[in-house]
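Enquirer: Have a look at this one before I ask anything.
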Amino acid sequence: MFHSKPADVPLKPAEAPSAPAISDRKRSVIAEDIVIEGNIVSQGILEFGGQITGDITADAVVLTSTARVRGRVRARQLTIEGELQGAATALNVSIKTGTRVKANFAYEKLEVASGAQVDGQYKRISADQFKL
């Protein structure tokens, strides 16, 4: 009645798992009136505008202008518009104008806009060193 493939049969190219397209990833939004003590983990995109004392891990993280983060952030893509105190590891980091950051960064690509306030240590890593 039920049939499954033997474990030693390789997947055909059409069956191989792939990373979801940007439009297929789920988006979670945490508004400015939310206060969290603890960690957040998401497989998709996280738009965070609240306050957190803890760590954030997601495929893509946007810290909006109202975000206040004390902890560590891990993401493939990290955009910071608010405040971050702690540490961040990301392949691509974009620090926007008006941002206040006091953190240590490990990154592959870094963009810092004019007018951003940044303080901390910055270390470049390669994509093969990055683990989400």
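In the structure tokens, each chain is lettered A, B, ... as it comes, each chain's residues begin at 1, and ligands are numbered from 1 in order of appearance.
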What lies within 9 Å of Asn104 (chain A) using only C-alpha atoms, ignoring chain neighbours under 2 positions off, as number ranges by chain?

Expert: A: 85-89, 102, 106, 119-123

Enquirer: Could you pull out the residues in chain A that DSSP calls helix (DSSP H, G or I) from the backbone, as a ChimeraX atom specification?

Expert: /A:13-15,22-24,127-129

Enquirer: Hey, what's within 10 Å of Gly44 (chain A) if we count only C-alpha atoms and toss same-chain stuff fewer than 3 positions away? As a VMD selection string, please?

Expert: chain A and resid 20 22 24 to 28 41 47 57 to 61 75

Enquirer: For region 32-40 of chain A, please output as an MDAnalysis selection string all residues within 10 Å (counting only C-alpha atoms; exclusion window: fewer than 5 positions along the same chain).

Expert: chainID A and resid 46 48:58 64:73

Enquirer: List every residue of region 1-131 of chain A that DSSP, applied to the backbone, labels as strand (DSSP E or B), and write the result as a VMD selection string.

Expert: chain A and resid 27 to 30 35 to 37 40 to 41 45 to 48 51 to 53 56 to 57 60 to 63 68 to 80 83 to 95 100 to 112 117 to 119 122 to 124

Enquirer: Would you export the selected residues with C-alpha atoms as a PDB file, in the first residue's frame, please?

Expert:
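Saved to part_23.pdb:
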ATOM      1  CA  ARG A  27       8.201  36.884   6.767  1.00  0.00           C
ATOM      2  CA  SER A  28       7.696  37.517  10.476  1.00  0.00           C
ATOM      3  CA  VAL A  29       7.130  41.020  11.810  1.00  0.00           C
ATOM      4  CA  ILE A  30       7.629  41.949  15.455  1.00  0.00           C
ATOM      5  CA  VAL A  35       9.521  43.415  24.599  1.00  0.00           C
ATOM      6  CA  ILE A  36      11.296  40.046  24.628  1.00  0.00           C
ATOM      7  CA  GLU A  37      13.688  38.457  27.100  1.00  0.00           C
ATOM      8  CA  ILE A  40      14.243  34.262  18.493  1.00  0.00           C
ATOM      9  CA  VAL A  41      14.886  31.694  15.748  1.00  0.00           C
ATOM     10  CA  ILE A  45      12.827  36.835   7.075  1.00  0.00           C
ATOM     11  CA  LEU A  46      12.464  38.610  10.423  1.00  0.00           C
ATOM     12  CA  GLU A  47      11.520  42.282  10.568  1.00  0.00           C
ATOM     13  CA  PHE A  48      12.157  43.286  14.169  1.00  0.00           C
ATOM     14  CA  GLN A  51      13.129  45.418  22.210  1.00  0.00           C
ATOM     15  CA  ILE A  52      15.011  42.212  22.963  1.00  0.00           C
ATOM     16  CA  THR A  53      17.566  41.058  25.457  1.00  0.00           C
ATOM     17  CA  ILE A  56      18.202  36.565  17.056  1.00  0.00           C
ATOM     18  CA  THR A  57      18.883  33.952  14.366  1.00  0.00           C
ATOM     19  CA  ALA A  60      17.430  37.565   6.886  1.00  0.00           C
ATOM     20  CA  VAL A  61      17.032  40.122   9.683  1.00  0.00           C
ATOM     21  CA  VAL A  62      15.893  43.724   9.407  1.00  0.00           C
ATOM     22  CA  LEU A  63      16.272  45.716  12.621  1.00  0.00           C
ATOM     23  CA  ARG A  68      16.617  47.934  20.435  1.00  0.00           C
ATOM     24  CA  VAL A  69      18.707  44.743  20.568  1.00  0.00           C
ATOM     25  CA  ARG A  70      21.029  43.624  23.356  1.00  0.00           C
ATOM     26  CA  GLY A  71      22.508  40.314  22.327  1.00  0.00           C
ATOM     27  CA  ARG A  72      23.797  38.465  19.282  1.00  0.00           C
ATOM     28  CA  VAL A  73      22.356  38.457  15.766  1.00  0.00           C
ATOM     29  CA  ARG A  74      23.102  35.730  13.184  1.00  0.00           C
ATOM     30  CA  ALA A  75      21.789  35.978   9.630  1.00  0.00           C
ATOM     31  CA  ARG A  76      22.794  35.610   6.008  1.00  0.00           C
ATOM     32  CA  GLN A  77      21.500  39.157   5.366  1.00  0.00           C
ATOM     33  CA  LEU A  78      21.419  41.754   8.175  1.00  0.00           C
ATOM     34  CA  THR A  79      20.082  45.286   7.801  1.00  0.00           C
ATOM     35  CA  ILE A  80      20.332  47.601  10.806  1.00  0.00           C
ATOM     36  CA  GLU A  83      20.201  50.029  17.853  1.00  0.00           C
ATOM     37  CA  LEU A  84      22.372  46.960  18.407  1.00  0.00           C
ATOM     38  CA  GLN A  85      24.579  46.256  21.418  1.00  0.00           C
ATOM     39  CA  GLY A  86      26.410  42.945  21.422  1.00  0.00           C
ATOM     40  CA  ALA A  87      27.617  40.989  18.393  1.00  0.00           C
ATOM     41  CA  ALA A  88      26.575  40.092  14.870  1.00  0.00           C
ATOM     42  CA  THR A  89      27.636  37.468  12.360  1.00  0.00           C
ATOM     43  CA  ALA A  90      26.288  37.778   8.823  1.00  0.00           C
ATOM     44  CA  LEU A  91      27.345  37.311   5.237  1.00  0.00           C
ATOM     45  CA  ASN A  92      25.982  40.713   4.198  1.00  0.00           C
ATOM     46  CA  VAL A  93      25.650  43.578   6.669  1.00  0.00           C
ATOM     47  CA  SER A  94      24.078  46.938   5.854  1.00  0.00           C
ATOM     48  CA  ILE A  95      24.228  49.629   8.547  1.00  0.00           C
ATOM     49  CA  ARG A 100      23.574  53.267  16.650  1.00  0.00           C
ATOM     50  CA  VAL A 101      25.736  50.162  16.899  1.00  0.00           C
ATOM     51  CA  LYS A 102      28.088  49.070  19.643  1.00  0.00           C
ATOM     52  CA  ALA A 103      28.923  45.537  18.604  1.00  0.00           C
ATOM     53  CA  ASN A 104      31.549  43.172  17.301  1.00  0.00           C
ATOM     54  CA  PHE A 105      30.920  42.029  13.726  1.00  0.00           C
ATOM     55  CA  ALA A 106      31.979  39.051  11.637  1.00  0.00           C
ATOM     56  CA  TYR A 107      30.921  39.601   8.017  1.00  0.00           C
ATOM     57  CA  GLU A 108      31.728  38.871   4.385  1.00  0.00           C
ATOM     58  CA  LYS A 109      30.372  42.142   2.941  1.00  0.00           C
ATOM     59  CA  LEU A 110      29.861  45.309   4.968  1.00  0.00           C
ATOM     60  CA  GLU A 111      28.122  48.554   4.024  1.00  0.00           C
ATOM     61  CA  VAL A 112      28.069  51.494   6.451  1.00  0.00           C
ATOM     62  CA  GLN A 117      27.260  55.618  14.650  1.00  0.00           C
ATOM     63  CA  VAL A 118      29.381  52.472  14.873  1.00  0.00           C
ATOM     64  CA  ASP A 119      31.718  51.229  17.570  1.00  0.00           C
ATOM     65  CA  TYR A 122      34.976  44.214  12.685  1.00  0.00           C
ATOM     66  CA  LYS A 123      36.358  40.992  11.233  1.00  0.00           C
ATOM     67  CA  ARG A 124      35.918  39.792   7.667  1.00  0.00           C
TER      68      ARG A 124
END

Enquirer: How many Å lie between CA of Gly98 (chain A) and CA of Ser114 (chain A), rounded to one decimal?

Expert: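 About the pair CA of Gly98 (chain A) and CA of Ser114 (chain A): they are 8.5 Å apart.
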